[in-house]
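> What follows is a single structure, and I will ask about it in a moment.
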Amino acid sequence: MPRRSPWMNQDLDDFRDLARTFCEKEIKPNVERFIENRQVDRDLWNKAGEVGLLCLSIPEEYGGGGGTFAHEAILIEEQARAGDSSWGVSLHNGIVAHYLLNYGTEEQKRAWLPKLASGEAVGAIAMTEPGTGSDLQNVKTKAIREGDEYVVNGAKTFITNGAQADVVITVVKTNPEEAAAGISLVIVPTDAPGFSRGRVLDKIGMKGQDTSELNFSDVRIPVANLLGSEEGQGFVQLMEQLPQERLIVAVSNVAAMELCFEETLRYVHDRHAFNRPIWGFQNTKFKMAEIATEARVARSFVDECIELHLDKALDIPTVAMAKLWCSERAQKVADMCLQLHGGYGYMNEYPIARAWADLRVSQIYAGTSEIMKEIISRSLPAPV
């Protein structure tokens, strides 16, 4: 078992009990069905809202839990412990709700945050386009003002919660002639005429997550749906919020590493070859020692990052390091664990096979490993 994180306290211990009970009851028995349906049950959001697991770090005045990122991290860990990668709650809680909290008007916050907190509404954020991934400055989706409305046209892809979302924070160009300075964020309700959903995408991992295509065809929304006080603030808003998104990925990676370790430790003690447990071979012990060390080092770094984030002191290069390190090492750990499972590791019925496939995307979304290296390299001092 991993050590108790230094940012934990009694309140968080109690919250972990709640999160673990919910994940064991409502998620773990249903993982297979989520995968088969390529999305979680819509009612899962309502159940989570009823017990207070949505918008955990949003103030109580907007219907949230009034907690901190530590509460978000615990829910991420307990979801991973339940073996689930389908429920897009970390994006709903830690990303979408925080764009509204940090940049929304009072009217926008009161219109949407209580619904996100109760499960009445599911949130998504639409950044990536069919021809634009990491290069957010060159998005093609436009929101052109006509009187008191924006007319939104474009397409987005790889959108988590896309099939179930009721509200989508959408990255658009309000000034197509500009690069970063032309980007804005707008709130698009999914019942707006002209909005439509494309395919739920067939991925190699995270098969139960409703990652979807979204289409905007002359979608008219009020100018009041702009996030921020004026147009052109979107790129700065994205850069301010991406560190928390990257920390969320790092937390989920560490939780996955610990789960892989526990599953594999159990397997190598139970599985026999050549008339003895696989654990009896020196190679197995050495590999498990390596895996335990990888997970412990990653956990220590992420714990440090969580503490910094709670103190509002987590900088962009440091969280880029955490995202880079944890996503790369988690894939290495999953690969070693799969190898120790032998042929059974390649079977989808074993948690290690799913973890191995699920983790691969961590080196891509929220900024690729290559983008993380670019960010880190820019922070390195020149030699004196």
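Naming works like this for the structure tokens: A, B, ... for the chains as they're shown, residue 1 at the start of each chain, ligands 1 onward in shown order.
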With 8 Å as the cut-off and only C-alpha atoms counted, what is the closest atom pair between each nearby residue of segment 123-240 of chain A and segment 342-361 of chain A? Distances in Å to one decimal, ordered by chain and number, as CSV.

```
residue,atom,partner,partner_atom,distance
A:Ile204,CA,A:Ala357,CA,6.2
A:Gly205,CA,A:Asp358,CA,4.2
A:Met206,CA,A:Asp358,CA,5.0
```
> Those same residues, written as a PDB file, in the first residue's frame with N, CA and C atoms?

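Saved to out.pdb:
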```
ATOM      1  N   ILE A 204      -8.312   2.883 -28.626  1.00  0.00           N
ATOM      2  CA  ILE A 204      -7.635   1.654 -28.211  1.00  0.00           C
ATOM      3  C   ILE A 204      -7.737   1.452 -26.699  1.00  0.00           C
ATOM      4  N   GLY A 205      -7.988   2.509 -25.970  1.00  0.00           N
ATOM      5  CA  GLY A 205      -8.161   2.440 -24.526  1.00  0.00           C
ATOM      6  C   GLY A 205      -9.289   3.362 -24.102  1.00  0.00           C
ATOM      7  N   MET A 206      -9.557   3.416 -22.808  1.00  0.00           N
ATOM      8  CA  MET A 206     -10.647   4.236 -22.270  1.00  0.00           C
ATOM      9  C   MET A 206     -11.917   4.038 -23.090  1.00  0.00           C
TER      10      MET A 206
END
```
> When you look at Leu201 of chain A with a cut-off of 12 Å (counting only C-alpha atoms), what residues show up, excluding the ones that are within fewer than 5 positions of it in the same chain? I need them as a PyMOL selection string.
chain A and resi 38-39+157-163+206-214
> I'd like the interatomic distance between atom CA of Arg16 of chain A and atom CA of Ala80 of chain A, to a tenth of an Å.
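Interatomic distance here is 12.8 Å.
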> For Gln363 of chain A, which residue among A:Arg246, A:Lys140, A:His309, A:Arg276 is the nearest when counting only C-alpha atoms?
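Going through A:Arg246, A:Lys140, A:His309, A:Arg276 one by one, the smallest distance to Gln363 of chain A is for A:Arg246.
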> Looking only at alpha helix (DSSP H) from DSSP on the backbone, list the matching residues of segment 42-257 of chain A as a PyMOL selection string.
chain A and resi 42-51+69-81+89-91+97-103+106-118+234-257
> Do you have the atom CA of Arg33 of chain A-atom CA of Val89 of chain A distance handy?
17.4 Å
> Measuring between only C-alpha atoms, which one of A:Lys47, A:Asp335, A:Phe274, A:Ala382 shows the shortest distance to Phe261 of chain A?
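Comparing A:Lys47, A:Asp335, A:Phe274, A:Ala382 against Phe261 of chain A, the winner is A:Asp335.
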> At a cut-off of 9 Å, using only C-alpha atoms, what residues contact Val96 of chain A? Leave out same-chain residues fewer than 6 positions from it and give the result as number ranges by chain.
A: 123-125, 168-169
> Quick one: of A:Asp218, A:Arg145, A:Glu72, A:Ser362, who's nearest to Ser85 of chain A, counting only C-alpha atoms?
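For Ser85 of chain A, the nearest of the candidates is A:Ser362.
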> What is the distance between atom CA of Ala192 of chain A and atom CA of Phe216 of chain A, in Å to one decimal?
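It comes out at 9.5 Å.
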> Fewer than 4 positions away in the same chain doesn't count, so skip those; otherwise give me all residues within 9 Å of Trp279 of chain A, counting only C-alpha atoms, as a ChimeraX atom specification.
/A:265,267-272,283-285
> If we count only C-alpha atoms, what is near Arg42 of chain A at a cut-off of 12 Å, once residues fewer than 5 positions away on the same chain are taken out, given as a list of chain:residue names?
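Answer for this query is A:Phe34, A:Asn37, A:Lys47, A:Ala48, A:Gly49, A:Ser86, A:Trp87, A:Gly88, A:Gly119, A:Glu120, A:Ala121, A:Val122, A:Asn161, A:Ala163, A:Gln164, A:Ala165, A:Asp166, A:Asp210.
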> Please identify every residue of segment 199-294 of chain A that has at least one atom no farther than 12 Å from an atom of segment 134-139 of chain A, counting only C-alpha atoms, and for each give the shortest atom pair and the distance in Å to one decimal, arranged by chain then increasing number, as JSON lines.

```
{"residue": "A:Gly232", "atom": "CA", "partner": "A:Gln137", "partner_atom": "CA", "distance": 11.2}
{"residue": "A:Gly234", "atom": "CA", "partner": "A:Gln137", "partner_atom": "CA", "distance": 9.9}
{"residue": "A:Phe235", "atom": "CA", "partner": "A:Gln137", "partner_atom": "CA", "distance": 7.5}
{"residue": "A:Val236", "atom": "CA", "partner": "A:Gln137", "partner_atom": "CA", "distance": 10.9}
{"residue": "A:Leu238", "atom": "CA", "partner": "A:Leu136", "partner_atom": "CA", "distance": 9.3}
{"residue": "A:Met239", "atom": "CA", "partner": "A:Leu136", "partner_atom": "CA", "distance": 10.4}
```
